[in-house]
file my_file-v9.pdb (PDB, C-alpha atoms)
ATOM      1  CA  MET S  21      91.867 114.947 101.627
ATOM      2  CA  ARG S  22      92.386 117.382 104.474
ATOM      3  CA  ARG S  23      94.473 117.190 107.647
ATOM      4  CA  ASN S  24      94.562 119.703 110.504
ATOM      5  CA  TYR S  25      97.611 119.764 112.763
ATOM      6  CA  ARG S  26      98.145 121.329 116.167
ATOM      7  CA  ILE S  27     101.487 122.814 117.154
ATOM      8  CA  SER S  28     102.092 119.742 119.314
ATOM      9  CA  ASP S  29     101.773 117.597 116.163
ATOM     10  CA  LEU S  30     104.376 119.654 114.307
ATOM     11  CA  LYS S  31     106.830 120.913 116.913
ATOM     12  CA  ASP S  32     109.385 118.188 116.198
ATOM     13  CA  TYR S  33     109.100 118.805 112.428
ATOM     14  CA  ILE S  34     110.108 122.478 112.595
ATOM     15  CA  ASN S  35     113.391 123.146 110.815
ATOM     16  CA  TRP S  36     115.015 125.734 113.052
ATOM     17  CA  VAL S  37     117.881 126.322 110.624
ATOM     18  CA  TYR S  38     115.586 128.357 108.365
ATOM     19  CA  PHE S  39     114.027 130.128 111.341
ATOM     20  CA  PHE S  40     117.410 131.499 112.400
ATOM     21  CA  HIS S  41     118.306 132.222 108.776
ATOM     22  CA  ALA S  42     115.236 134.488 108.570
ATOM     23  CA  TRP S  43     116.550 136.396 111.590
ATOM     24  CA  SER S  44     120.166 136.423 110.307
ATOM     25  CA  LEU S  45     121.297 135.030 113.653
ATOM     26  CA  PRO S  46     123.607 132.128 114.493
ATOM     27  CA  GLN S  47     121.607 129.572 116.465
ATOM     28  CA  GLN S  48     124.415 128.914 118.942
ATOM     29  CA  SER S  49     124.904 132.565 119.915
ATOM     30  CA  GLU S  50     123.594 134.061 123.145
ATOM     31  CA  GLU S  51     121.128 136.199 121.194
ATOM     32  CA  GLY S  52     120.096 133.165 119.162
ATOM     33  CA  GLN S  53     119.404 131.145 122.327
ATOM     34  CA  ARG S  54     117.318 133.991 123.755
ATOM     35  CA  LEU S  55     115.306 134.173 120.520
ATOM     36  CA  TYR S  56     114.789 130.400 120.586
ATOM     37  CA  ASP S  57     113.491 130.560 124.164
ATOM     38  CA  GLU S  58     111.068 133.342 123.226
ATOM     39  CA  ALA S  59     109.923 131.322 120.199
ATOM     40  CA  GLN S  60     109.241 128.299 122.418
ATOM     41  CA  HIS S  61     107.241 130.480 124.794
ATOM     42  CA  MET S  62     105.172 131.860 121.906
ATOM     43  CA  LEU S  63     104.507 128.361 120.585
ATOM     44  CA  GLN S  64     103.129 127.408 124.007
ATOM     45  CA  ARG S  65     100.842 130.444 123.956
ATOM     46  CA  LEU S  66      99.624 129.632 120.425
ATOM     47  CA  GLN S  67      99.029 125.920 121.098
ATOM     48  CA  PRO S  68      95.342 126.225 122.179
ATOM     49  CA  TYR S  69      94.115 127.948 119.028
ATOM     50  CA  LEU S  70      96.607 127.855 116.150
ATOM     51  CA  LYS S  71      96.136 125.117 113.554
ATOM     52  CA  VAL S  72      97.980 124.270 110.392
ATOM     53  CA  LYS S  73      95.440 123.245 107.784
ATOM     54  CA  THR S  74      96.489 121.029 104.886
ATOM     55  CA  VAL S  75      94.928 119.563 101.778
ATOM     56  CA  VAL S  76      96.368 116.959  99.421
ATOM     57  CA  GLU S  77      95.043 114.999  96.466
ATOM     58  CA  ILE S  78      96.793 112.047  94.835
ATOM     59  CA  LEU S  79      95.751 112.220  91.194
ATOM     60  CA  PRO S  80      96.478 110.353  87.960
ATOM     61  CA  ALA S  81      99.220 112.125  86.035
ATOM     62  CA  TRP S  82     101.452 111.730  83.004
ATOM     63  CA  SER S  83     104.070 113.735  81.159
ATOM     64  CA  GLU S  84     103.624 115.277  77.720
ATOM     65  CA  GLY S  85     106.929 116.815  76.710
ATOM     66  CA  ASP S  86     107.674 119.482  79.316
ATOM     67  CA  ASP S  87     104.135 119.429  80.723
ATOM     68  CA  ILE S  88     102.792 117.397  83.625
ATOM     69  CA  VAL S  89      99.163 116.547  82.871
ATOM     70  CA  VAL S  90      96.891 115.909  85.860
ATOM     71  CA  GLN S  91      93.446 114.314  85.761
ATOM     72  CA  PRO S  92      91.008 115.739  88.351
ATOM     73  CA  MET S  93      89.014 113.062  90.167
ATOM     74  CA  ARG S  94      85.690 113.017  92.001
ATOM     75  CA  PRO S  95      84.843 110.568  94.789
ATOM     76  CA  CYS S  96      81.643 108.559  94.317
ATOM     77  CA  GLU S  97      79.286 106.879  96.762
ATOM     78  CA  CYS S  98      80.755 103.492  95.865
ATOM     79  CA  GLY S  99      84.038 104.541  97.460
ATOM     80  CA  GLN S 100      85.876 104.810  94.148
ATOM     81  CA  SER S 101      86.954 107.958  92.337
ATOM     82  CA  HIS S 102      86.181 108.804  88.736
ATOM     83  CA  PRO S 103      87.595 111.373  86.306
ATOM     84  CA  CYS S 104      85.986 114.773  86.670
ATOM     85  CA  GLY S 105      86.463 117.332  83.919
ATOM     86  CA  GLU S 106      89.279 117.813  81.456
ATOM     87  CA  PRO S 107      92.923 117.053  82.361
ATOM     88  CA  VAL S 108      94.872 120.052  83.638
ATOM     89  CA  HIS S 109      98.221 120.821  82.014
ATOM     90  CA  LEU S 110     100.947 122.028  84.381
ATOM     91  CA  PRO S 111     103.684 123.465  82.144
ATOM     92  CA  MET S 112     107.193 123.036  83.534
ATOM     93  CA  LEU S 113     110.489 124.750  82.723
ATOM     94  CA  ARG S 114     113.641 122.942  81.616
ATOM     95  CA  GLN S 115     117.249 123.747  82.447
ATOM     96  CA  GLN S 116     119.130 125.507  79.646
ATOM     97  CA  VAL S 117     122.567 124.551  80.946
ATOM     98  CA  PRO S 118     123.299 120.801  81.244
ATOM     99  CA  ASN S 119     124.039 119.436  84.703
ATOM    100  CA  GLN S 120     127.116 117.357  85.608
ATOM    101  CA  GLU S 121     125.588 114.354  83.831
ATOM    102  CA  GLY S 122     125.103 116.403  80.667
ATOM    103  CA  VAL S 123     121.311 116.500  81.061
ATOM    104  CA  CYS S 124     118.937 119.475  81.075
ATOM    105  CA  LEU S 125     116.325 118.527  83.663
ATOM    106  CA  CYS S 126     112.612 119.294  83.892
ATOM    107  CA  LEU S 127     110.166 118.140  86.580
ATOM    108  CA  SER S 128     108.131 116.390  83.893
ATOM    109  CA  ASP S 129     111.101 114.017  83.446
ATOM    110  CA  PHE S 130     110.127 112.472  86.796
ATOM    111  CA  VAL S 131     106.569 111.557  85.719
ATOM    112  CA  ARG S 132     105.864 108.648  83.378
ATOM    113  CA  PRO S 133     104.402 109.413  79.926
ATOM    114  CA  HIS S 134     100.825 108.422  79.133
ATOM    115  CA  SER S 135     102.061 105.556  76.969
ATOM    116  CA  ALA S 136     103.900 103.876  79.854
ATOM    117  CA  ILE S 137     102.708 100.417  80.846
ATOM    118  CA  ARG S 138     102.658 101.422  84.512
ATOM    119  CA  LYS S 139     100.475 104.460  85.083
ATOM    120  CA  ASP S 140     101.679 107.276  87.316
ATOM    121  CA  GLN S 141     100.247 109.597  89.939
ATOM    122  CA  ILE S 142     101.225 112.900  91.487
ATOM    123  CA  GLY S 143     100.457 114.613  94.763
ATOM    124  CA  ILE S 144      99.067 118.164  94.744
ATOM    125  CA  PHE S 145      99.165 119.861  98.153
ATOM    126  CA  ALA S 146      98.795 123.076 100.125
ATOM    127  CA  THR S 147      99.287 124.004 103.791
ATOM    128  CA  SER S 148      98.466 127.165 105.728
ATOM    129  CA  THR S 149      98.411 128.511 109.279
ATOM    130  CA  SER S 150      95.086 129.760 110.641
ATOM    131  CA  ILE S 151      96.275 133.066 112.091
ATOM    132  CA  ASP S 152      96.339 136.722 111.024
ATOM    133  CA  VAL S 153      99.757 137.992 112.077
ATOM    134  CA  GLY S 154      98.920 141.670 111.598
ATOM    135  CA  LYS S 155      95.840 141.506 113.833
ATOM    136  CA  THR S 156      97.563 139.476 116.554
ATOM    137  CA  PHE S 157     100.275 142.058 117.311
ATOM    138  CA  PRO S 158      99.123 145.231 115.513
ATOM    139  CA  ASP S 159     101.522 147.570 117.357
ATOM    140  CA  ASP S 160     104.430 145.261 118.141
ATOM    141  CA  ASN S 161     106.849 144.836 115.241
ATOM    142  CA  TYR S 162     109.136 142.422 117.085
ATOM    143  CA  ASN S 163     106.382 140.003 118.063
ATOM    144  CA  GLN S 164     104.835 140.367 114.612
ATOM    145  CA  MET S 165     108.085 139.199 113.038
ATOM    146  CA  LEU S 166     108.513 136.432 115.603
ATOM    147  CA  LEU S 167     104.989 135.181 114.942
ATOM    148  CA  GLN S 168     105.403 135.458 111.178
ATOM    149  CA  THR S 169     108.652 133.493 111.106
ATOM    150  CA  LEU S 170     107.138 130.847 113.392
ATOM    151  CA  ALA S 171     103.994 130.669 111.234
ATOM    152  CA  ASP S 172     106.170 130.222 108.127
ATOM    153  CA  ARG S 173     108.082 127.392 109.819
ATOM    154  CA  LEU S 174     104.832 125.759 110.977
ATOM    155  CA  ALA S 175     103.402 125.841 107.445
ATOM    156  CA  GLU S 176     106.591 124.146 106.214
ATOM    157  CA  ALA S 177     106.458 121.686 109.116
ATOM    158  CA  GLY S 178     102.882 120.898 108.122
ATOM    159  CA  ALA S 179     104.064 120.129 104.598
ATOM    160  CA  GLU S 180     106.823 117.893 106.019
ATOM    161  CA  ARG S 181     104.398 115.973 108.241
ATOM    162  CA  LEU S 182     101.803 115.703 105.454
ATOM    163  CA  HIS S 183     104.406 114.440 102.981
ATOM    164  CA  GLU S 184     105.480 111.785 105.467
ATOM    165  CA  GLU S 185     101.875 110.602 105.808
ATOM    166  CA  VAL S 186     101.466 110.628 102.027
ATOM    167  CA  ARG S 187     104.531 108.430 101.519
ATOM    168  CA  LYS S 188     103.658 105.972 104.283
ATOM    169  CA  THR S 189      99.841 105.732 104.166
ATOM    170  CA  ILE S 190      97.797 108.132 102.000
ATOM    171  CA  TRP S 191      99.648 107.286  98.770
ATOM    172  CA  GLY S 192     101.624 104.555 100.475
ATOM    173  CA  TYR S 193     104.540 104.187  98.082
ATOM    174  CA  ALA S 194     107.029 103.975 100.987
ATOM    175  CA  PRO S 195     105.043 102.169 103.734
ATOM    176  CA  ASN S 196     108.123 100.869 105.555
ATOM    177  CA  GLU S 197     109.950 104.196 105.770
ATOM    178  CA  GLN S 198     111.630 104.764 109.141
ATOM    179  CA  LEU S 199     113.404 108.118 109.195
ATOM    180  CA  SER S 200     114.421 110.421 112.018
ATOM    181  CA  ILE S 201     113.445 114.101 111.962
ATOM    182  CA  ALA S 202     117.049 114.954 111.050
ATOM    183  CA  GLU S 203     116.861 112.559 108.099
ATOM    184  CA  LEU S 204     113.564 114.110 106.997
ATOM    185  CA  HIS S 205     115.192 117.544 107.023
ATOM    186  CA  GLN S 206     118.068 116.072 104.989
ATOM    187  CA  GLU S 207     115.473 114.788 102.462
ATOM    188  CA  LYS S 208     116.516 111.156 102.806
ATOM    189  CA  PHE S 209     113.024 110.033 101.809
ATOM    190  CA  GLN S 210     111.941 108.690  98.424
ATOM    191  CA  GLY S 211     110.689 111.303  95.978
ATOM    192  CA  ILE S 212     110.556 115.081  96.219
ATOM    193  CA  ARG S 213     108.129 117.802  97.314
ATOM    194  CA  PRO S 214     108.861 120.854  95.136
ATOM    195  CA  ALA S 215     106.939 123.902  96.346
ATOM    196  CA  VAL S 216     105.830 126.729  94.105
ATOM    197  CA  GLY S 217     108.684 129.220  93.967
ATOM    198  CA  TYR S 218     111.414 126.576  94.334
ATOM    199  CA  PRO S 219     114.292 126.850  91.804
ATOM    200  CA  CYS S 220     112.857 123.852  89.912
ATOM    201  CA  LEU S 221     109.304 125.304  89.984
ATOM    202  CA  PRO S 222     109.864 129.058  89.676
ATOM    203  CA  ASP S 223     106.570 130.157  88.096
ATOM    204  CA  ILE S 224     104.253 131.221  90.919
ATOM    205  CA  SER S 225     101.288 131.443  88.519
ATOM    206  CA  ILE S 226     101.168 127.625  88.815
ATOM    207  CA  ASN S 227      99.272 128.415  92.027
ATOM    208  CA  PHE S 228      96.220 129.227  89.910
ATOM    209  CA  LEU S 229      96.292 125.717  88.436
ATOM    210  CA  ILE S 230      96.939 124.037  91.804
ATOM    211  CA  ASP S 231      93.986 125.951  93.234
ATOM    212  CA  GLN S 232      91.874 124.642  90.358
ATOM    213  CA  LEU S 233      92.869 121.068  91.220
ATOM    214  CA  ILE S 234      92.555 121.013  95.027
ATOM    215  CA  GLY S 235      90.644 124.144  96.072
ATOM    216  CA  PHE S 236      92.633 126.430  98.368
ATOM    217  CA  LYS S 237      89.426 127.757  99.963
ATOM    218  CA  SER S 238      88.979 124.436 101.755
ATOM    219  CA  ILE S 239      91.861 125.447 104.049
ATOM    220  CA  GLY S 240      91.104 129.170 104.124
ATOM    221  CA  VAL S 241      93.620 130.277 101.485
ATOM    222  CA  THR S 242      92.992 132.828  98.759
ATOM    223  CA  LEU S 243      95.204 134.008  95.910
ATOM    224  CA  THR S 244      96.066 137.576  95.023
ATOM    225  CA  THR S 245      96.116 138.687  91.394
ATOM    226  CA  SER S 246      99.880 138.107  91.494
ATOM    227  CA  ALA S 247      99.309 134.451  92.567
ATOM    228  CA  MET S 248     100.580 134.997  96.112
ATOM    229  CA  MET S 249      98.911 132.915  98.817
ATOM    230  CA  GLN S 250      97.059 134.586 101.681
ATOM    231  CA  PRO S 251      97.665 134.049 104.592
ATOM    232  CA  HIS S 252     101.353 134.583 103.894
ATOM    233  CA  ALA S 253     102.363 131.525 105.944
ATOM    234  CA  SER S 254     101.191 129.076 103.288
ATOM    235  CA  VAL S 255     102.903 126.532 101.041
ATOM    236  CA  SER S 256     101.745 124.773  97.882
ATOM    237  CA  GLY S 257     103.360 122.395  95.446
ATOM    238  CA  LEU S 258     103.743 118.913  94.034
ATOM    239  CA  MET S 259     104.684 115.505  95.429
ATOM    240  CA  ILE S 260     106.584 113.204  93.084
ATOM    241  CA  SER S 261     107.280 109.595  94.046
ATOM    242  CA  LEU S 262     109.945 108.487  91.548
ATOM    243  CA  PRO S 263     113.022 107.295  93.498
ATOM    244  CA  GLN S 264     115.337 109.017  91.010
ATOM    245  CA  ALA S 265     113.580 112.373  91.384
ATOM    246  CA  HIS S 266     115.704 115.132  92.896
ATOM    247  CA  TYR S 267     115.800 118.896  93.192
ATOM    248  CA  PHE S 268     117.585 121.139  90.702
ATOM    249  CA  SER S 269     117.634 124.754  89.633
ATOM    250  CA  VAL S 270     116.131 125.722  86.282
ATOM    251  CA  GLY S 271     118.450 128.717  86.127
ATOM    252  CA  LYS S 272     118.310 131.376  83.452
ATOM    253  CA  ILE S 273     115.711 130.848  80.744
ATOM    254  CA  ASP S 274     116.445 131.813  77.152
ATOM    255  CA  LYS S 275     113.972 133.745  74.981
ATOM    256  CA  GLU S 276     113.029 130.706  72.917
ATOM    257  CA  GLN S 277     111.985 128.621  75.915
ATOM    258  CA  LEU S 278     110.241 131.577  77.545
ATOM    259  CA  ALA S 279     108.153 132.124  74.398
ATOM    260  CA  ASP S 280     107.286 128.416  74.308
ATOM    261  CA  TYR S 281     106.426 128.417  77.993
ATOM    262  CA  ALA S 282     104.223 131.516  77.693
ATOM    263  CA  GLN S 283     102.317 129.783  74.900
ATOM    264  CA  ARG S 284     101.830 126.657  77.021
ATOM    265  CA  ARG S 285     100.633 128.839  79.937
ATOM    266  CA  HIS S 286      98.298 130.728  77.575
ATOM    267  CA  MET S 287      99.903 134.028  78.537
ATOM    268  CA  THR S 288     101.792 136.798  76.818
ATOM    269  CA  LEU S 289     105.513 137.234  77.424
ATOM    270  CA  ASP S 290     104.831 140.338  79.520
ATOM    271  CA  GLU S 291     102.328 138.432  81.660
ATOM    272  CA  ILE S 292     104.529 135.401  82.296
ATOM    273  CA  ASN S 293     107.524 137.570  83.183
ATOM    274  CA  LYS S 294     105.560 138.885  86.170
ATOM    275  CA  TYR S 295     105.400 135.409  87.684
ATOM    276  CA  ILE S 296     108.694 133.673  86.975
ATOM    277  CA  GLN S 297     111.130 134.265  89.816
ATOM    278  CA  CYS S 298     114.392 133.083  88.246
ATOM    279  CA  CYS S 299     114.692 135.358  85.209
TER     280      CYS S 299
END

call {"tool": "encode", "arguments": {"input": "my_file-v9.pdb", "output": "structure tokens"}}
result
Amino acid sequence: MRRNYRISDLKDYINWVYFFHAWSLPQQSEEGQRLYDEAQHMLQRLQPYLKVKTVVEILPAWSEGDDIVVQPMRPCECGQSHPCGEPVHLPMLRQQVPNQEGVCLCLSDFVRPHSAIRKDQIGIFATSTSIDVGKTFPDDNYNQMLLQTLADRLAEAGAERLHEEVRKTIWGYAPNEQLSIAELHQEKFQGIRPAVGYPCLPDISINFLIDQLIGFKSIGVTLTTSAMMQPHASVSGLMISLPQAHYFSVGKIDKEQLADYAQRRHMTLDEINKYIQCC
């Protein structure tokens, strides 16, 4: 399922805290206010032609140890969807140091096992802005950076808006949710939306598997050999509905788990080390 958003659809969803963090400027300063005004002016100029493209699929899923297993589906003429191809294993990493509750968490803990009476699902998503920053301001470094930071925030805003629609209608597990934008930014909603590269999902090679499940090309995104998304202002990840699900940091990974993870990813240790961002 695809959604295209205009800037006017997403303007309220932009989290300006991270915009100013990217510029290393306090928002309330005089320089920060001037930057904000220039950003608003650029958003007005971009409104006629910039879109944020998104794709999401809600798919059957279950946990097998530290893996999340996802079943691809294909829509049929009857309006129903049917399994299409073999299940895709998404290996996850587990904390090595227990948290305050004495538990070492893994994202697979928040997905029901296959044996559960109530079957589970997971959201797989990607968002991207439809603009080439380098070609827009080829000789203007300042406006290039301003456009890039705005494009990054719009891609994230697209993920925020899409996740809200998923919770309330597309998946519909929280149909009565009524949250302000501030509450959305504070993650008061049910479930989580871990993006690839987050501390709980630090292996960016998972992008190859997400691409296999939802098809990045449908929103104009390609992957480099290092699993980076192009255009740069793109986001991908998972949507998990369990009310108890929350974010955490995997932290340092010991050699034993890394060897196990490399085996589950069907890679060598040297290969997997190129992708994991927390080691």

call {"tool": "residues_near_point", "arguments": {"input": "my_file-v9.pdb", "point": "(85.8, 116.3, 88.3)", "cutoff": "12 Å", "atoms": "all atoms listed in the file", "output": "list in words"}}
result
Leu79, Val90, Gln91, Pro92, Met93, Arg94, Pro95, Cys96, Ser101, His102, Pro103, Cys104, Gly105, Glu106, Pro107, Val108, Gln232, Leu233 and Ile234 of chain S

call {"tool": "resolve_selection", "arguments": {"input": "my_file-v9.pdb", "expression": "the PyMOL selection byres ((chain S and resi 241-243) around 12)", "output": "PyMOL selection string"}}
result
chain S and resi 72-75+146-152+224-232+234-240+244-256

call {"tool": "closest_residue", "arguments": {"input": "my_file-v9.pdb", "among": "S:Gly143, S:Gly178, S:Pro111, S:Gly85", "to": "Leu30 of chain S", "atoms": "only C-alpha atoms"}}
result
S:Gly178

call {"tool": "residues_around", "arguments": {"input": "my_file-v9.pdb", "residues": "Asp280 of chain S", "least_positions_apart": "6", "cutoff": "10 Å", "atoms": "all atoms listed in the file", "output": "list in words"}}
result
Pro111, Leu113, His286 and Leu289 of chain S

call {"tool": "atom_distance", "arguments": {"input": "my_file-v9.pdb", "atom1": "atom CA of Lys139 of chain S", "atom2": "atom CA of Ser83 of chain S"}}
result
10.7 Å

call {"tool": "resolve_selection", "arguments": {"input": "my_file-v9.pdb", "expression": "the PyMOL selection byres ((chain S and resi 214) around 7)", "output": "VMD selection string"}}
result
chain S and resid 212 to 213 215 to 216 218 221 257 to 259

call {"tool": "write_last_selection", "arguments": {"input": "my_file-v9.pdb", "atoms": "C-alpha atoms", "output": "tab-separated table (two decimals), in the frame of the given file"}}
result
chain	number	residue	atom	x	y	z
S	212	ILE	CA	110.56	115.08	96.22
S	213	ARG	CA	108.13	117.80	97.31
S	215	ALA	CA	106.94	123.90	96.35
S	216	VAL	CA	105.83	126.73	94.10
S	218	TYR	CA	111.41	126.58	94.33
S	221	LEU	CA	109.30	125.30	89.98
S	257	GLY	CA	103.36	122.40	95.45
S	258	LEU	CA	103.74	118.91	94.03
S	259	MET	CA	104.68	115.50	95.43

call {"tool": "atom_distance", "arguments": {"input": "my_file-v9.pdb", "atom1": "atom CA of Arg22 of chain S", "atom2": "atom CA of Glu77 of chain S"}}
result
8.8 Å

call {"tool": "resolve_selection", "arguments": {"input": "my_file-v9.pdb", "expression": "the PyMOL selection byres ((chain S and resi 59) around 10)", "output": "PyMOL selection string"}}
result
chain S and resi 39+53-58+60-65+163+166-167+169-170

call {"tool": "residues_near_point", "arguments": {"input": "my_file-v9.pdb", "point": "(101.4, 117.2, 83.3)", "cutoff": "8 Å", "atoms": "only C-alpha atoms", "output": "number ranges by chain"}}
result
S: 81-84, 86-90, 108-111, 128

call {"tool": "closest_residue", "arguments": {"input": "my_file-v9.pdb", "among": "S:Phe209, S:Tyr193, S:Phe157, S:Phe130", "to": "Ala265 of chain S", "atoms": "only C-alpha atoms"}}
result
S:Phe130

call {"tool": "axis_aligned_box", "arguments": {"input": "my_file-v9.pdb", "around": "segment 106-114 of chain S", "padding_each_side": "6 Å", "output": "AutoDock Vina command-line options"}}
result
--center_x 101.5 --center_y 120.9 --center_z 82.9 --size_x 36.4 --size_y 19.7 --size_z 14.9

call {"tool": "atom_distance", "arguments": {"input": "my_file-v9.pdb", "atom1": "atom CA of Gln141 of chain S", "atom2": "atom CA of Pro195 of chain S"}}
result
16.4 Å

call {"tool": "closest_residue", "arguments": {"input": "my_file-v9.pdb", "among": "S:Asn161, S:Asn35, S:Gln100, S:Gln297", "to": "Arg173 of chain S", "atoms": "all atoms listed in the file"}}
result
S:Asn35

call {"tool": "residues_around", "arguments": {"input": "my_file-v9.pdb", "residues": "Ile273 of chain S", "least_positions_apart": "3", "cutoff": "12 Å", "atoms": "all atoms listed in the file", "output": "PyMOL selection string"}}
result
chain S and resi 112-117+124+219-220+222-223+269-270+276-282+293+296-299

call {"tool": "closest_residue", "arguments": {"input": "my_file-v9.pdb", "among": "S:Leu262, S:Ala194, S:Met21, S:Ala42", "to": "Ile142 of chain S", "atoms": "only C-alpha atoms"}}
result
S:Leu262

call {"tool": "closest_residue", "arguments": {"input": "my_file-v9.pdb", "among": "S:Ile27, S:Ile260, S:Ala136, S:Leu66", "to": "His183 of chain S", "atoms": "only C-alpha atoms"}}
result
S:Ile260

call {"tool": "closest_residue", "arguments": {"input": "my_file-v9.pdb", "among": "S:Gln283, S:Glu185, S:Leu70, S:Phe268", "to": "Thr156 of chain S", "atoms": "all atoms listed in the file"}}
result
S:Leu70

call {"tool": "residues_around", "arguments": {"input": "my_file-v9.pdb", "residues": "Lys208 of chain S", "least_positions_apart": "5", "cutoff": "12 Å", "atoms": "all atoms listed in the file", "output": "ChimeraX atom specification"}}
result
/S:184,197-203,263,265-266
